[in-house]
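For reference, structure.txt is printed below; it contains compact mmCIF, C-alpha atoms and all ligand atoms.
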```txt
# COMPACT_ATOMS: atom_id res chain seq x y z
CA MET A 422 28.03 -6.41 -12.53
CA ALA A 423 24.53 -7.85 -12.74
CA GLY A 424 24.53 -11.60 -12.39
CA ASP A 425 22.19 -14.39 -13.37
CA TYR A 426 20.51 -14.70 -9.98
CA ARG A 427 17.12 -13.11 -10.39
CA ILE A 428 15.41 -11.31 -7.51
CA ALA A 429 11.82 -10.09 -7.46
CA VAL A 430 11.10 -7.55 -4.71
CA LEU A 431 7.66 -7.17 -3.15
CA ALA A 432 7.26 -3.87 -1.29
CA SER A 433 4.37 -1.76 0.00
CA GLY A 434 6.18 1.40 0.98
CA ARG A 435 9.42 3.34 1.28
CA GLY A 436 11.72 0.78 -0.36
CA SER A 437 15.00 1.49 1.43
CA ASN A 438 15.83 -2.23 1.47
CA LEU A 439 15.11 -2.36 -2.27
CA GLN A 440 17.40 0.64 -2.77
CA ALA A 441 20.17 -1.08 -0.81
CA ILE A 442 19.87 -4.08 -3.15
CA ILE A 443 19.85 -1.89 -6.28
CA ASP A 444 22.87 0.09 -5.07
CA ALA A 445 24.84 -3.03 -4.10
CA ILE A 446 24.27 -4.61 -7.51
CA ALA A 447 25.28 -1.39 -9.28
CA ALA A 448 28.44 -1.18 -7.16
CA GLY A 449 29.38 -4.80 -7.85
CA ARG A 450 28.76 -5.84 -4.25
CA LEU A 451 25.99 -8.32 -5.05
CA ASP A 452 26.07 -10.64 -8.06
CA ALA A 453 22.38 -10.63 -8.95
CA ARG A 454 19.78 -8.66 -10.83
CA VAL A 455 16.44 -7.22 -9.72
CA ALA A 456 14.10 -8.73 -12.29
CA GLY A 457 11.06 -6.79 -11.14
CA VAL A 458 9.51 -4.81 -8.30
CA PHE A 459 5.91 -5.49 -7.28
CA SER A 460 3.57 -3.67 -4.97
CA ASP A 461 0.02 -3.77 -3.66
CA ARG A 462 0.15 0.05 -3.56
CA PRO A 463 0.42 2.01 -6.82
CA ALA A 464 1.83 5.02 -4.92
CA ALA A 465 4.56 3.07 -3.12
CA PRO A 466 7.88 4.96 -3.25
CA ALA A 467 9.50 1.57 -3.92
CA LEU A 468 7.97 1.64 -7.42
CA ARG A 469 9.48 5.06 -8.05
CA ARG A 470 12.87 3.75 -6.99
CA ALA A 471 12.45 0.86 -9.44
CA ARG A 472 11.56 3.26 -12.25
CA GLU A 473 14.58 5.44 -11.51
CA ALA A 474 16.82 2.37 -11.68
CA GLY A 475 15.27 1.20 -14.96
CA ILE A 476 13.74 -1.88 -13.34
CA PRO A 477 10.26 -3.04 -14.40
CA GLY A 478 7.75 -2.17 -11.69
CA SER A 479 4.21 -3.38 -11.33
CA ALA A 480 1.37 -2.39 -9.01
CA VAL A 481 -1.43 -4.87 -8.47
CA SER A 482 -3.98 -3.24 -6.21
CA PRO A 483 -6.50 -5.41 -4.37
CA LYS A 484 -9.08 -2.71 -5.10
CA ASP A 485 -9.07 -3.73 -8.77
CA TRP A 486 -10.00 -7.35 -8.07
CA PRO A 487 -13.26 -8.87 -6.85
CA ASP A 488 -11.70 -10.86 -4.02
CA ARG A 489 -8.47 -11.60 -2.23
CA ASP A 490 -7.72 -14.84 -4.07
CA SER A 491 -8.06 -13.44 -7.57
CA TRP A 492 -5.97 -10.40 -6.63
CA GLU A 493 -3.16 -12.44 -5.10
CA THR A 494 -3.21 -14.90 -8.00
CA ALA A 495 -2.77 -11.98 -10.42
CA LEU A 496 0.05 -10.52 -8.33
CA PHE A 497 1.99 -13.78 -8.20
CA GLU A 498 1.37 -14.46 -11.90
CA ARG A 499 3.13 -11.19 -12.65
CA ILE A 500 5.94 -12.12 -10.30
CA ALA A 501 6.30 -15.56 -11.92
CA ALA A 502 6.46 -13.89 -15.34
CA VAL A 503 9.87 -12.38 -14.49
CA ALA A 504 11.14 -15.87 -13.54
CA PRO A 505 12.76 -14.97 -10.25
CA ASP A 506 15.05 -17.33 -8.34
CA LEU A 507 13.97 -15.56 -5.17
CA VAL A 508 11.10 -13.33 -4.04
CA VAL A 509 12.17 -10.81 -1.40
CA CYS A 510 9.44 -9.27 0.73
CA ALA A 511 10.92 -5.97 1.87
CA GLY A 512 8.34 -3.93 3.70
CA TYR A 513 5.45 -5.84 2.16
CA MET A 514 2.58 -5.17 4.52
CA ARG A 515 0.21 -8.04 3.77
CA LEU A 516 -0.07 -11.66 4.76
CA ILE A 517 0.69 -13.98 1.87
CA GLY A 518 -1.93 -16.66 1.25
CA PRO A 519 -1.33 -20.42 1.32
CA ALA A 520 -1.29 -20.93 -2.47
CA ALA A 521 1.49 -18.40 -3.07
CA VAL A 522 3.41 -19.57 0.00
CA ALA A 523 3.29 -23.16 -1.27
CA ALA A 524 4.26 -22.17 -4.82
CA TRP A 525 7.29 -20.23 -3.58
CA ALA A 526 8.31 -22.39 -0.61
CA GLY A 527 12.02 -22.02 0.02
CA ARG A 528 12.20 -19.27 -2.62
CA MET A 529 10.54 -16.41 -0.73
CA ILE A 530 12.05 -14.48 2.18
CA ASN A 531 10.92 -11.59 4.36
CA ILE A 532 12.79 -9.03 6.41
CA HIS A 533 11.26 -8.29 9.80
CA PRO A 534 12.40 -5.62 12.27
CA SER A 535 12.80 -7.75 15.41
CA LEU A 536 14.82 -10.65 16.72
CA LEU A 537 12.27 -13.32 15.88
CA PRO A 538 10.49 -15.11 17.46
CA ALA A 539 10.19 -11.97 19.60
CA PHE A 540 7.78 -9.22 18.50
CA THR A 541 5.91 -10.40 15.44
CA GLY A 542 3.43 -8.18 13.58
CA LEU A 543 3.41 -4.39 13.61
CA HIS A 544 5.08 -1.76 15.82
CA THR A 545 7.99 -4.00 16.74
CA HIS A 546 10.15 -1.13 18.04
CA ARG A 547 7.36 0.00 20.34
CA GLN A 548 6.89 -3.60 21.47
CA ALA A 549 10.62 -3.89 22.23
CA LEU A 550 10.66 -0.64 24.23
CA GLU A 551 7.57 -1.65 26.18
CA ALA A 552 9.08 -5.05 26.97
CA GLY A 553 12.24 -3.37 28.26
CA VAL A 554 14.64 -5.64 26.34
CA ALA A 555 18.36 -4.77 26.24
CA GLU A 556 18.79 -6.02 22.67
CA HIS A 557 16.67 -5.67 19.56
CA GLY A 558 17.34 -6.14 15.86
CA CYS A 559 16.12 -7.63 12.62
CA SER A 560 15.63 -11.04 11.04
CA LEU A 561 15.45 -12.53 7.57
CA HIS A 562 13.26 -15.60 7.34
CA PHE A 563 11.70 -17.91 4.79
CA VAL A 564 8.02 -17.10 4.32
CA THR A 565 5.41 -19.55 5.56
CA THR A 566 1.71 -19.01 6.18
CA GLU A 567 2.41 -18.07 9.79
CA LEU A 568 2.87 -14.30 10.18
CA ASP A 569 6.60 -13.64 10.72
CA GLY A 570 6.84 -17.28 11.73
CA GLY A 571 8.94 -18.98 9.02
CA PRO A 572 12.40 -20.48 9.62
CA VAL A 573 14.87 -17.70 10.44
CA ILE A 574 18.00 -17.51 8.27
CA SER A 575 19.92 -14.61 9.76
CA GLN A 576 19.76 -11.84 12.33
CA ALA A 577 21.51 -8.60 13.24
CA ARG A 578 21.39 -7.23 16.77
CA VAL A 579 21.46 -3.70 18.11
CA PRO A 580 21.49 -2.46 21.70
CA VAL A 581 18.47 -0.69 23.16
CA LEU A 582 19.93 2.42 24.82
CA PRO A 583 18.62 4.51 27.69
CA GLY A 584 16.43 7.30 26.34
CA ASP A 585 15.64 5.50 23.07
CA ASP A 586 12.33 6.35 21.47
CA GLU A 587 10.56 4.40 18.74
CA ALA A 588 11.98 6.47 15.88
CA GLY A 589 15.55 6.33 17.14
CA LEU A 590 15.41 2.60 17.71
CA ALA A 591 13.81 2.04 14.28
CA ALA A 592 16.64 4.00 12.64
CA ARG A 593 19.30 1.98 14.48
CA VAL A 594 17.66 -1.28 13.37
CA LEU A 595 17.22 -0.09 9.77
CA GLY A 596 20.94 0.65 9.66
CA ARG A 597 21.53 -3.07 10.21
CA GLU A 598 18.68 -4.30 7.98
CA HIS A 599 20.43 -3.28 4.78
CA PRO A 600 23.76 -5.04 5.46
CA LEU A 601 21.85 -8.07 6.79
CA MET A 602 19.80 -8.19 3.59
CA LEU A 603 22.88 -7.96 1.36
CA ALA A 604 24.98 -10.49 3.28
CA THR A 605 22.08 -12.95 3.25
CA LEU A 606 21.33 -12.42 -0.44
CA ARG A 607 24.98 -13.13 -1.28
CA LEU A 608 24.74 -16.52 0.43
CA LEU A 609 21.39 -17.31 -1.18
CA ALA A 610 22.66 -16.32 -4.62
CA ALA A 611 25.71 -18.51 -4.10
CA GLY A 612 23.42 -21.45 -3.27
CA ARG A 613 24.84 -21.77 0.25
CA ILE A 614 21.45 -21.38 2.01
CA ARG A 615 18.47 -23.60 1.32
CA LEU A 616 15.26 -24.62 3.01
CA SER A 617 14.85 -28.35 3.56
CA SER A 618 11.46 -29.36 4.99
CA SER A 619 11.43 -26.85 7.84
CA ALA A 620 15.17 -26.52 8.55
CA VAL A 621 17.45 -23.85 7.14
CA MET A 622 20.47 -25.57 5.58
CA PHE A 623 23.77 -23.71 5.45
CA ASP A 624 26.55 -25.28 3.38
CA GLY A 625 24.58 -28.53 3.40
CA GLU A 626 24.06 -28.75 7.16
CA PRO A 627 21.09 -27.70 9.30
CA LEU A 628 21.69 -24.35 10.96
CA PRO A 629 21.65 -24.71 14.75
CA ALA A 630 20.50 -21.07 15.12
CA PRO A 631 20.16 -18.07 12.81
CA LEU A 632 23.35 -16.76 11.21
CA ARG A 633 24.57 -13.60 12.89
CA LEU A 634 25.76 -10.43 11.25
CA ASP A 635 28.93 -9.14 12.84
CA SER A 636 30.44 -5.66 12.86
CA ALA A 637 32.28 -6.33 9.59
CA ASP A 638 28.91 -7.09 7.94
CA LEU A 639 29.76 -10.75 7.54
CA LEU A 640 27.48 -13.60 8.50
CA HIS A 641 28.69 -16.24 10.89
CA ARG A 642 27.33 -19.42 12.36
CA PRO A 643 26.54 -18.60 15.98
CA ASP A 644 27.99 -21.88 17.27
CA LEU A 645 31.34 -20.99 15.73
CA GLN A 646 31.33 -17.41 17.01
CA PRO A 647 32.40 -16.28 20.50
CA ASP A 648 29.61 -14.44 22.32
C1 LIG B 1 11.60 -2.50 7.34
O1 LIG B 1 11.76 -2.09 8.67
C2 LIG B 1 11.33 -3.97 7.26
O2 LIG B 1 12.00 -4.71 8.22
C3 LIG B 1 9.84 -4.03 7.53
O3 LIG B 1 9.32 -2.90 6.87
C4 LIG B 1 10.33 -1.92 6.74
C5 LIG B 1 10.49 -1.65 5.28
O4 LIG B 1 11.36 -0.60 5.02
N1 LIG B 1 9.28 -5.29 7.11
P1 LIG B 1 11.74 -0.22 3.55
O5 LIG B 1 10.42 -0.12 2.77
O6 LIG B 1 12.63 -1.29 2.97
O7 LIG B 1 12.42 1.10 3.66
```
Encoding of this model in structure tokens:
Amino acid sequence: MAGDYRIAVLASGRGSNLQAIIDAIAAGRLDARVAGVFSDRPAAPALRRAREAGIPGSAVSPKDWPDRDSWETALFERIAAVAPDLVVCAGYMRLIGPAAVAAWAGRMINIHPSLLPAFTGLHTHRQALEAGVAEHGCSLHFVTTELDGGPVISQARVPVLPGDDEAGLAARVLGREHPLMLATLRLLAAGRIRLSSSAVMFDGEPLPAPLRLDSADLLHRPDLQPD
């Protein structure tokens, strides 16, 4: 199955979230197609994964452009050329400028490894360990010009356990990122999630708080879910 809903993935590195999307589509667990994979890094393993899956991949390196604006314009022109319904930033390690954010408002999401608004930016697992929180996790949010600051759609939580180190905690979170990504993409592809001004709408109503991924990898409204 590869449906009509077109996803462009923007990735700087490893691409395990991209792979989860590719695998889910191939297995008939997500009715969508990856229309293209884009990177700021020609050597990104995500581009190799795209190639192996027969998906068009494109590297647009800032080094090849005179300034940030012309580079980002070129990158988003290539993205627009595959006519995506949604741009998914999955391990894309750069801030997106105001022109691209405005052009793709409500059609661009990012996955971030923390329970936003906690721990924006880099080294979120280290930040969580240093803060001594009992719970950590990941969030999917619409992209705005504020770093990791756009309206949050959905979250998955994991416990922080005694003896955890950064790598162990990162692995536990990553294990929930992939199902969170897929469950959220299913709702987006089905048209059940939208951005209206600055509120996330779910089935036509403003979401009171981010959707939560449960142990069966389903998303639920938090106000309808026992704690
Ligand atoms: C993930 O932890 C994601 O939340 C963060 O960068 C990492 C990307 O991993 N934004 P991958 O490239 O999808 O494997």
Need the shell around Gly424 in chain A: protein/DNA/RNA residues with any atom at most 9 Å away, counting all atoms listed in the file. Skip same-chain ones fewer than 6 positions apart. Format as a PyMOL selection string? chain A and resi 446+451-454
Write out as a list in words each polymer residue (protein, DNA or RNA) that has an atom no more than 8 Å from ligand LIG 1 (chain B), with all atoms listed in the file counted. Ala432, Ser433, Gly434, Arg435, Gly436, Ser437, Asn438, Leu439, Gln440, Ala467, Cys510, Ala511, Gly512, Tyr513, Met514, Asn531, Ile532, His533, Pro534, Ser535, Cys559, Ser560, Ala591, Val594, Leu595 and Glu598 of chain A
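Straight-line separation from CA of Pro505 in chain A to CA of Glu626 in chain A: 24.9 Å.
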Polymer residues at most 9 Å from Ile517 in chain A, all atoms listed in the file, same-chain spacing of 5 or more positions, as a count of residues only: 6
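Considering only C-alpha atoms, the residue among A:Pro483, A:Met529, A:Ala456, A:Val581 positioned nearest to Ala552 in chain A is A:Val581.
When all atoms listed in the file are used to measure the gap to Val430 in chain A, the shortest distance among A:Arg615, A:Arg642, A:His544, A:Arg470 belongs to A:Arg470.
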Nearest to Gly457 in chain A among A:Val503, A:Phe497, A:Asp586, A:Arg472, with distances taken over all atoms listed in the file: which residue is it? A:Val503
